[in-house]
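Chemist: Following this line is my_file-v4.json, made up of JSON, C-alpha atoms:
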```json
[["chain", "number", "residue", "atom", "x", "y", "z"],
["V", 1, "MET", "CA", -39.79, -6.02, -47.68],
["V", 2, "GLY", "CA", -40.74, -5.77, -44.03],
["V", 3, "LEU", "CA", -39.43, -3.30, -41.52],
["V", 4, "PHE", "CA", -36.79, -5.67, -40.16],
["V", 5, "GLY", "CA", -35.30, -6.13, -43.62],
["V", 6, "LYS", "CA", -34.49, -2.47, -44.16],
["V", 7, "HIS", "CA", -31.67, -0.26, -42.91],
["V", 8, "LEU", "CA", -33.29, 2.86, -41.48],
["V", 9, "LYS", "CA", -31.39, 6.13, -41.47],
["V", 10, "VAL", "CA", -32.01, 7.70, -38.08],
["V", 11, "PRO", "CA", -30.66, 11.16, -37.15],
["V", 12, "LEU", "CA", -27.72, 11.02, -34.75],
["V", 13, "ALA", "CA", -29.41, 13.20, -32.10],
["V", 14, "SER", "CA", -32.55, 11.02, -32.16],
["V", 15, "ALA", "CA", -30.48, 7.90, -31.57],
["V", 16, "VAL", "CA", -27.95, 9.21, -29.05],
["V", 17, "PHE", "CA", -30.07, 11.03, -26.48],
["V", 18, "PRO", "CA", -32.64, 8.23, -25.89],
["V", 19, "ALA", "CA", -29.74, 5.82, -25.47],
["V", 20, "VAL", "CA", -28.05, 8.12, -22.98],
["V", 21, "PHE", "CA", -31.31, 8.58, -21.09],
["V", 22, "LEU", "CA", -31.94, 4.82, -20.98],
["V", 23, "CYS", "CA", -28.39, 4.15, -19.81],
["V", 24, "LEU", "CA", -28.63, 6.71, -17.02],
["V", 25, "CYS", "CA", -31.99, 5.38, -15.89],
["V", 26, "GLN", "CA", -30.55, 1.88, -15.71],
["V", 27, "GLN", "CA", -27.67, 3.15, -13.60],
["V", 28, "LEU", "CA", -30.02, 4.94, -11.22],
["V", 29, "LEU", "CA", -32.20, 1.85, -10.84],
["V", 30, "VAL", "CA", -29.27, -0.39, -9.94],
["V", 31, "PRO", "CA", -29.49, -1.26, -6.22],
["V", 32, "VAL", "CA", -26.77, 0.20, -4.07],
["V", 33, "ALA", "CA", -24.49, -2.38, -2.47],
["V", 34, "ALA", "CA", -24.03, -0.27, 0.67],
["V", 35, "LEU", "CA", -26.49, -0.60, 3.54],
["V", 36, "GLN", "CA", -27.78, 2.62, 5.07],
["V", 37, "LYS", "CA", -30.33, 2.45, 7.86],
["V", 38, "GLU", "CA", -31.69, 4.94, 10.38],
["V", 39, "MET", "CA", -34.03, 3.80, 13.13],
["V", 40, "THR", "CA", -35.56, 5.07, 16.35],
["V", 41, "ILE", "CA", -36.32, 2.34, 18.87],
["V", 42, "SER", "CA", -37.69, 2.18, 22.40],
["V", 43, "VAL", "CA", -35.87, -0.18, 24.78],
["V", 44, "ALA", "CA", -38.07, -1.26, 27.68],
["V", 45, "PRO", "CA", -36.66, -1.27, 31.23],
["V", 46, "GLY", "CA", -34.67, -4.41, 31.98],
["V", 47, "LYS", "CA", -34.68, -5.47, 28.30],
["V", 48, "VAL", "CA", -32.12, -5.88, 25.52],
["V", 49, "ASP", "CA", -32.90, -5.16, 21.85],
["V", 50, "CYS", "CA", -30.59, -6.70, 19.23],
["V", 51, "PHE", "CA", -30.32, -6.30, 15.46],
["V", 52, "PHE", "CA", -28.44, -8.49, 13.00],
["V", 53, "GLU", "CA", -26.82, -7.49, 9.72],
["V", 54, "GLU", "CA", -24.49, -9.26, 7.30],
["V", 55, "ALA", "CA", -21.25, -7.68, 6.12],
["V", 56, "LYS", "CA", -18.65, -8.68, 3.55],
["V", 57, "ALA", "CA", -14.89, -8.71, 3.94],
["V", 58, "GLY", "CA", -13.42, -5.31, 3.08],
["V", 59, "GLN", "CA", -16.53, -3.36, 4.05],
["V", 60, "ILE", "CA", -16.67, -0.76, 6.83],
["V", 61, "ILE", "CA", -19.31, -0.77, 9.57],
["V", 62, "ASP", "CA", -20.17, 2.73, 10.81],
["V", 63, "ILE", "CA", -22.72, 3.04, 13.59],
["V", 64, "GLU", "CA", -23.74, 6.12, 15.53],
["V", 65, "TYR", "CA", -26.33, 6.08, 18.31],
["V", 66, "GLN", "CA", -27.85, 8.62, 20.67],
["V", 67, "VAL", "CA", -30.34, 8.37, 23.52],
["V", 68, "ILE", "CA", -32.98, 11.00, 22.81],
["V", 69, "ASP", "CA", -35.40, 10.20, 25.64],
["V", 70, "GLY", "CA", -34.79, 8.52, 28.98],
["V", 71, "GLY", "CA", -38.32, 8.58, 30.37],
["V", 72, "HIS", "CA", -37.85, 10.15, 33.81],
["V", 73, "GLY", "CA", -34.33, 8.78, 34.17],
["V", 74, "ASP", "CA", -30.90, 9.48, 32.76],
["V", 75, "LEU", "CA", -30.12, 9.60, 29.04],
["V", 76, "ASP", "CA", -27.92, 6.51, 28.90],
["V", 77, "ILE", "CA", -27.83, 3.05, 27.33],
["V", 78, "SER", "CA", -25.37, 0.17, 27.07],
["V", 79, "PHE", "CA", -24.29, -0.89, 23.59],
["V", 80, "GLU", "CA", -22.47, -3.90, 22.19],
["V", 81, "LEU", "CA", -21.24, -4.77, 18.70],
["V", 82, "ALA", "CA", -20.32, -8.45, 18.51],
["V", 83, "GLU", "CA", -19.96, -11.40, 16.20],
["V", 84, "LEU", "CA", -22.43, -14.28, 16.35],
["V", 85, "THR", "CA", -19.65, -16.42, 17.81],
["V", 86, "GLY", "CA", -19.81, -14.24, 20.92],
["V", 87, "ARG", "CA", -16.65, -12.20, 20.39],
["V", 88, "THR", "CA", -17.27, -8.61, 21.46],
["V", 89, "ILE", "CA", -15.91, -5.93, 19.13],
["V", 90, "PHE", "CA", -17.14, -2.78, 20.89],
["V", 91, "ALA", "CA", -18.91, -2.39, 24.23],
["V", 92, "ASP", "CA", -20.24, 0.77, 25.88],
["V", 93, "TYR", "CA", -21.72, 0.94, 29.36],
["V", 94, "LYS", "CA", -24.32, 3.60, 30.21],
["V", 95, "LYS", "CA", -23.41, 6.17, 27.57],
["V", 96, "SER", "CA", -25.69, 8.79, 26.06],
["V", 97, "ASP", "CA", -24.13, 8.66, 22.57],
["V", 98, "ASN", "CA", -21.15, 7.28, 20.70],
["V", 99, "ILE", "CA", -19.75, 6.51, 17.23],
["V", 100, "HIS", "CA", -18.01, 3.29, 16.21],
["V", 101, "ARG", "CA", -16.18, 2.35, 12.99],
["V", 102, "PHE", "CA", -15.10, -1.22, 12.29],
["V", 103, "PRO", "CA", -13.37, -2.67, 9.19],
["V", 104, "VAL", "CA", -14.85, -6.10, 8.46],
["V", 105, "PRO", "CA", -12.06, -8.72, 8.23],
["V", 106, "TYR", "CA", -14.20, -11.55, 6.82],
["V", 107, "ASP", "CA", -17.74, -12.32, 5.70],
["V", 108, "GLY", "CA", -20.20, -12.87, 8.49],
["V", 109, "GLU", "CA", -23.22, -11.68, 10.45],
["V", 110, "TYR", "CA", -22.85, -9.11, 13.19],
["V", 111, "LYS", "CA", -25.02, -8.29, 16.19],
["V", 112, "PHE", "CA", -25.89, -4.79, 17.41],
["V", 113, "CYS", "CA", -27.43, -4.76, 20.91],
["V", 114, "PHE", "CA", -28.85, -1.94, 23.04],
["V", 115, "ASP", "CA", -29.05, -2.97, 26.71],
["V", 116, "ASN", "CA", -31.35, -1.25, 29.20],
["V", 117, "GLY", "CA", -31.00, -3.96, 31.80],
["V", 118, "PHE", "CA", -29.67, -1.60, 34.47],
["V", 119, "SER", "CA", -32.91, 0.43, 34.44],
["V", 120, "ARG", "CA", -35.90, -0.92, 36.36],
["V", 121, "ALA", "CA", -38.55, 1.68, 35.61],
["V", 122, "ASN", "CA", -37.50, 3.93, 32.71],
["V", 123, "SER", "CA", -37.60, 3.00, 29.03],
["V", 124, "LYS", "CA", -35.02, 4.55, 26.69],
["V", 125, "THR", "CA", -35.65, 5.93, 23.20],
["V", 126, "VAL", "CA", -32.57, 5.48, 21.02],
["V", 127, "PHE", "CA", -31.85, 6.83, 17.56],
["V", 128, "PHE", "CA", -29.11, 5.05, 15.62],
["V", 129, "GLU", "CA", -27.69, 5.19, 12.11],
["V", 130, "LEU", "CA", -25.98, 2.16, 10.57],
["V", 131, "ILE", "CA", -23.90, 2.27, 7.38],
["V", 132, "ILE", "CA", -22.16, -0.76, 5.87],
["V", 133, "GLU", "CA", -20.17, -0.02, 2.71],
["V", 134, "ARG", "CA", -16.76, -0.40, 1.16],
["V", 135, "GLU", "CA", -14.14, 2.24, 1.75],
["V", 136, "GLY", "CA", -14.26, 4.83, -1.04],
["V", 137, "GLU", "CA", -17.48, 3.42, -2.46],
["V", 138, "GLN", "CA", -18.98, 6.88, -2.70],
["V", 139, "GLU", "CA", -15.89, 8.58, -4.05],
["V", 140, "ASP", "CA", -15.44, 9.61, -7.65],
["V", 141, "ALA", "CA", -12.13, 8.68, -9.21],
["V", 142, "GLY", "CA", -12.48, 11.06, -12.15],
["V", 143, "TRP", "CA", -9.97, 11.38, -14.95],
["V", 144, "ALA", "CA", -6.46, 11.84, -13.63],
["V", 145, "ASP", "CA", -4.83, 12.72, -16.93],
["V", 146, "ILE", "CA", -6.33, 14.71, -19.80],
["V", 147, "ASP", "CA", -3.95, 12.93, -22.18],
["V", 148, "LEU", "CA", -6.28, 9.91, -21.97],
["V", 149, "LEU", "CA", -8.61, 11.69, -24.40],
["V", 150, "GLU", "CA", -6.03, 11.67, -27.16],
["V", 151, "GLY", "CA", -6.37, 9.03, -29.84],
["V", 152, "LEU", "CA", -9.90, 7.99, -28.92],
["V", 153, "THR", "CA", -12.44, 7.03, -31.54],
["V", 154, "PRO", "CA", -15.81, 8.85, -31.58],
["V", 155, "GLU", "CA", -17.46, 5.77, -30.04],
["V", 156, "GLU", "CA", -14.94, 5.61, -27.23],
["V", 157, "PHE", "CA", -15.24, 9.35, -26.62],
["V", 158, "TYR", "CA", -19.03, 8.99, -26.51],
["V", 159, "GLU", "CA", -18.82, 6.14, -23.98],
["V", 160, "MET", "CA", -16.42, 8.21, -21.89],
["V", 161, "LYS", "CA", -18.85, 11.14, -21.83],
["V", 162, "VAL", "CA", -21.71, 8.86, -20.84],
["V", 163, "GLN", "CA", -19.57, 7.51, -18.02],
["V", 164, "ASP", "CA", -18.83, 11.08, -16.90],
["V", 165, "MET", "CA", -22.56, 11.80, -16.77],
["V", 166, "GLU", "CA", -23.19, 8.63, -14.78],
["V", 167, "ASP", "CA", -20.43, 9.53, -12.31],
["V", 168, "ALA", "CA", -21.84, 13.04, -11.92],
["V", 169, "ILE", "CA", -25.33, 11.69, -11.19],
["V", 170, "LYS", "CA", -23.93, 9.17, -8.70],
["V", 171, "ARG", "CA", -21.98, 11.95, -7.01],
["V", 172, "VAL", "CA", -25.11, 14.09, -6.69],
["V", 173, "ARG", "CA", -27.01, 11.11, -5.30],
["V", 174, "ASN", "CA", -24.27, 10.45, -2.74],
["V", 175, "HIS", "CA", -24.25, 14.10, -1.66],
["V", 176, "LEU", "CA", -28.03, 14.04, -1.25],
["V", 177, "THR", "CA", -27.77, 10.87, 0.80],
["V", 178, "LYS", "CA", -25.15, 12.44, 3.07],
["V", 179, "ALA", "CA", -27.31, 15.58, 3.43],
["V", 180, "ARG", "CA", -30.30, 13.44, 4.43],
["V", 181, "GLN", "CA", -28.19, 11.55, 6.97],
["V", 182, "LEU", "CA", -26.98, 14.84, 8.46],
["V", 183, "GLN", "CA", -30.57, 16.05, 8.68],
["V", 184, "ASP", "CA", -31.54, 12.85, 10.50],
["V", 185, "VAL", "CA", -28.72, 13.35, 13.00],
["V", 186, "LEU", "CA", -29.69, 16.99, 13.56],
["V", 187, "ARG", "CA", -33.31, 15.92, 13.99],
["V", 188, "SER", "CA", -32.27, 13.41, 16.66],
["V", 189, "HIS", "CA", -30.31, 16.16, 18.48],
["V", 190, "GLU", "CA", -33.39, 18.39, 18.36],
["V", 191, "ALA", "CA", -35.60, 15.59, 19.71],
["V", 192, "ARG", "CA", -33.14, 14.93, 22.52],
["V", 193, "ASP", "CA", -32.96, 18.60, 23.52],
["V", 194, "ARG", "CA", -36.76, 18.85, 23.47],
["V", 195, "ASN", "CA", -37.10, 15.77, 25.67],
["V", 196, "VAL", "CA", -34.51, 17.14, 28.11],
["V", 197, "ALA", "CA", -36.39, 20.45, 28.28],
["V", 198, "GLU", "CA", -39.72, 18.68, 28.86],
["V", 199, "GLU", "CA", -38.16, 16.50, 31.57],
["V", 200, "ASN", "CA", -36.72, 19.56, 33.33],
["V", 201, "TYR", "CA", -40.13, 21.25, 33.06],
["V", 202, "PHE", "CA", -41.74, 18.22, 34.70],
["V", 203, "LYS", "CA", -39.17, 18.15, 37.52],
["V", 204, "VAL", "CA", -39.56, 21.90, 38.17],
["V", 205, "ASN", "CA", -43.34, 21.54, 38.36],
["V", 206, "VAL", "CA", -43.12, 18.58, 40.76],
["V", 207, "TRP", "CA", -40.62, 20.36, 43.02],
["V", 208, "SER", "CA", -42.66, 23.56, 42.96],
["V", 209, "PHE", "CA", -45.82, 21.65, 43.89],
["V", 210, "PHE", "CA", -43.97, 20.02, 46.79],
["V", 211, "GLN", "CA", -42.69, 23.39, 48.00],
["V", 212, "ILE", "CA", -46.22, 24.84, 47.83],
["V", 213, "LEU", "CA", -47.53, 21.99, 49.97],
["V", 214, "VAL", "CA", -44.74, 22.55, 52.51],
["V", 215, "MET", "CA", -45.48, 26.30, 52.62],
["V", 216, "ILE", "CA", -49.20, 25.67, 53.15],
["V", 217, "GLY", "CA", -48.45, 23.14, 55.93],
["V", 218, "VAL", "CA", -46.02, 25.52, 57.68],
["V", 219, "GLY", "CA", -48.52, 28.39, 57.44],
["V", 220, "MET", "CA", -51.32, 26.31, 58.94],
["V", 221, "LEU", "CA", -49.00, 25.15, 61.73],
["V", 222, "GLN", "CA", -48.03, 28.75, 62.55],
["V", 223, "VAL", "CA", -51.70, 29.82, 62.66],
["V", 224, "PHE", "CA", -52.48, 26.90, 64.98],
["V", 225, "MET", "CA", -49.59, 27.75, 67.30],
["V", 226, "VAL", "CA", -50.52, 31.43, 67.51],
["V", 227, "LYS", "CA", -54.16, 30.61, 68.28],
["V", 228, "SER", "CA", -53.05, 28.14, 70.94],
["V", 229, "LEU", "CA", -51.16, 30.88, 72.80],
["V", 230, "PHE", "CA", -54.48, 32.68, 73.49],
["V", 231, "ASN", "CA", -56.46, 29.56, 74.43],
["V", 232, "ASN", "CA", -55.85, 28.54, 78.09],
["V", 233, "ASP", "CA", -57.55, 25.17, 77.65],
["V", 234, "SER", "CA", -55.52, 24.04, 74.65],
["V", 235, "ARG", "CA", -52.85, 21.34, 74.98],
["V", 236, "ALA", "CA", -50.32, 23.49, 73.12],
["V", 237, "TYR", "CA", -50.77, 26.33, 75.69],
["V", 238, "LYS", "CA", -50.32, 23.95, 78.63],
["V", 239, "LEU", "CA", -47.23, 22.43, 76.98],
["V", 240, "LEU", "CA", -45.69, 25.86, 76.36],
["V", 241, "THR", "CA", -46.36, 27.02, 79.91],
["V", 242, "LYS", "CA", -44.66, 23.90, 81.30],
["V", 243, "LEU", "CA", -41.62, 24.50, 79.08]]
```
Can I see the file as C-alpha cells?
Modeler:
Amino acid sequence: MGLFGKHLKVPLASAVFPAVFLCLCQQLLVPVAALQKEMTISVAPGKVDCFFEEAKAGQIIDIEYQVIDGGHGDLDISFELAELTGRTIFADYKKSDNIHRFPVPYDGEYKFCFDNGFSRANSKTVFFELIIEREGEQEDAGWADIDLLEGLTPEEFYEMKVQDMEDAIKRVRNHLTKARQLQDVLRSHEARDRNVAEENYFKVNVWSFFQILVMIGVGMLQVFMVKSLFNNDSRAYKLLTKL
C-alpha cells in the first residue's frame, strides 16, 4: 500500500510546532490594512505639491507635517486637506508644523496639498507622516474573563493559545512600528534644528563680512581725511578751510 493509504503515527510535538510556526508566518505575511507613509519632499517656490490617498468609511486620517528647511527664508508652508469634490477639511496658512486628525465619514479619495505659492525665491523642505487606519486597529482586546477557559476541549484550548501568540506578535510589531515612527519624527526635528543652525551661521557670516567692509571703508576715509588736512592743494583742505 502506498504512503497515502496508511495512517502515520506522528509525535504530537512534531505535528504541533510546525503548524504553529506556519500559522504565525502566515499571519505575519498578511498585508496590513492600515496605510503608514513617511516622506520628505521639496516644494519649489511658487509651486503646490499634492498627494492623493483613498480612505474607507470608519477609518481615521492622521497627518503630521513639519518644515525642516526653508532655504534662506522662513520655515513655513501652507497645507490643505480636501476632498476631490473641492470641499476643504483642514487648511493651514504659513505654518511651520501641525497635526491633523480626521474621521472618514464615507469612502473616497482625499487630497493632501503643500502650497509654497507665497514664496518667490525659497524652496521648502517638508517632512510629513500620514497614517490611515481604523480606530483601535492596533489595540489588543485580550481575554477579559479567565472563566472563558473553562469547559474548552484540547483543540479549542490549542487554538486559543495560538491566537494568543499571534496577538502577542502583532502587538510587538505595532510597538516596533510606533517606535520607528517616533524615530522618524525625532530625526525630522534634528534635521530642522541643524538647518536652522546652518542658516543662522550663514546670516552671521554675511553680516560680519558686511561689517568688515564698512570698517575698512571708514578706515580708508579717515586716513584720506587726515592726509588732506596736511595737503594745501587738496580739495578736501580747501573745502574744510572754507567751512
Chemist: Skip region 85-102 of chain V itself and residues of its chain fewer than 4 positions away, then list as a list in words all residues within 6 Å of it, counting all atoms listed in the file.
Modeler: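 Once the adjacent positions are removed, what remains is Ile60, Ile61, Asp62, Ile63, Glu64, Tyr65, Gln66, Val67, Leu75, Asp76, Ile77, Ser78, Phe79, Glu80 and Leu81 of chain V.
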Chemist: Next, write the just-selected residues to a file, as an mmCIF file, in the coordinates of the input, keeping C-alpha atoms as the atom set.
Modeler:
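As a result, selection-v9.cif now contains:
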```cif
data_model
loop_
_atom_site.group_PDB
_atom_site.id
_atom_site.type_symbol
_atom_site.label_atom_id
_atom_site.label_comp_id
_atom_site.auth_asym_id
_atom_site.auth_seq_id
_atom_site.Cartn_x
_atom_site.Cartn_y
_atom_site.Cartn_z
ATOM 1 C CA ILE V 60 -16.670 -0.760 6.830
ATOM 2 C CA ILE V 61 -19.310 -0.770 9.570
ATOM 3 C CA ASP V 62 -20.170 2.730 10.810
ATOM 4 C CA ILE V 63 -22.720 3.040 13.590
ATOM 5 C CA GLU V 64 -23.740 6.120 15.530
ATOM 6 C CA TYR V 65 -26.330 6.080 18.310
ATOM 7 C CA GLN V 66 -27.850 8.620 20.670
ATOM 8 C CA VAL V 67 -30.340 8.370 23.520
ATOM 9 C CA LEU V 75 -30.120 9.600 29.040
ATOM 10 C CA ASP V 76 -27.920 6.510 28.900
ATOM 11 C CA ILE V 77 -27.830 3.050 27.330
ATOM 12 C CA SER V 78 -25.370 0.170 27.070
ATOM 13 C CA PHE V 79 -24.290 -0.890 23.590
ATOM 14 C CA GLU V 80 -22.470 -3.900 22.190
ATOM 15 C CA LEU V 81 -21.240 -4.770 18.700
#
```
Chemist: So which one's closest to Arg134 (chain V), V:Lys238, V:Lys161, V:Lys56, V:His72? Using all atoms listed in the file, please.
Modeler: V:Lys56
Chemist: Take CA of Asp167 (chain V) and CA of Ala55 (chain V) and report the distance between them in Å, one decimal.
Modeler: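 These atoms are spaced 25.2 Å apart.
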Chemist: Using all atoms listed in the file, find the one residue out of V:Arg192, V:Lys178, V:Lys47, V:Lys203 that sits nearest to Phe118 (chain V).
Modeler: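 The closest residue to Phe118 (chain V) is V:Lys47.
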Chemist: When you draw a straight line from CA of Glu38 (chain V) to CA of Gln181 (chain V), how long is it in Å?
Modeler: 8.2 Å
Chemist: Counting all atoms listed in the file, figure out which residue out of V:Ile41, V:Val126, V:Leu84, V:Ala57 gets nearest to His189 (chain V).
Modeler: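 Between V:Ile41, V:Val126, V:Leu84, V:Ala57, the residue approaching His189 (chain V) most closely is V:Val126.
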Chemist: Restricting the calculation to only C-alpha atoms, which member of V:Glu109, V:Asp193, V:Ile131, V:Leu239 is positioned closest to Met225 (chain V)?
Modeler: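 Smallest distance to Met225 (chain V) is found for V:Leu239.
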Chemist: My list of candidates is V:Asp184, V:Ser119, V:Leu130, V:Asp107. Which is closest to Phe51 (chain V) when distances are computed with only C-alpha atoms?
Modeler: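 Checking each candidate against Phe51 (chain V), we get V:Leu130 as the closest.
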Chemist: Residues at most 12 Å from Tyr237 (chain V), counting all atoms listed in the file, excluding those fewer than 3 positions away in the same chain, as a list in words?
Modeler: Phe224, Met225, Val226, Lys227, Ser228, Leu229, Phe230, Asn231, Asn232, Asp233, Ser234, Leu240, Thr241, Lys242 and Leu243 of chain V
Chemist: Hey, can you check how far CA of Gly70 (chain V) sits from CA of Ala82 (chain V)?
Modeler: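 CA of Ala82 (chain V) lies 24.6 Å from CA of Gly70 (chain V).
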Chemist: For Asn122 (chain V), which of V:Gly71, V:Ala197, V:Ile216, V:Phe202 is the closest residue, counting all atoms listed in the file?
Modeler: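 So, comparing all the options, the nearest one is V:Gly71.
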Chemist: Which centre and which edge lengths, in Å to one decimal, describe the axis-aligned box that holds all listed atoms of region 117-135 of chain V after 8 Å is added on each side, as JSON?
Modeler:
```
{"center_x": -26.3, "center_y": 1.4, "center_z": 18.8, "size_x": 40.4, "size_y": 26.8, "size_z": 51.2}
```
Chemist: Show me, as number ranges by chain, the residues that have an atom within 10 Å of Glu54 (chain V) when counting only C-alpha atoms, minus same-chain residues fewer than 3 positions from it.
Modeler: V: 35, 107-111, 132
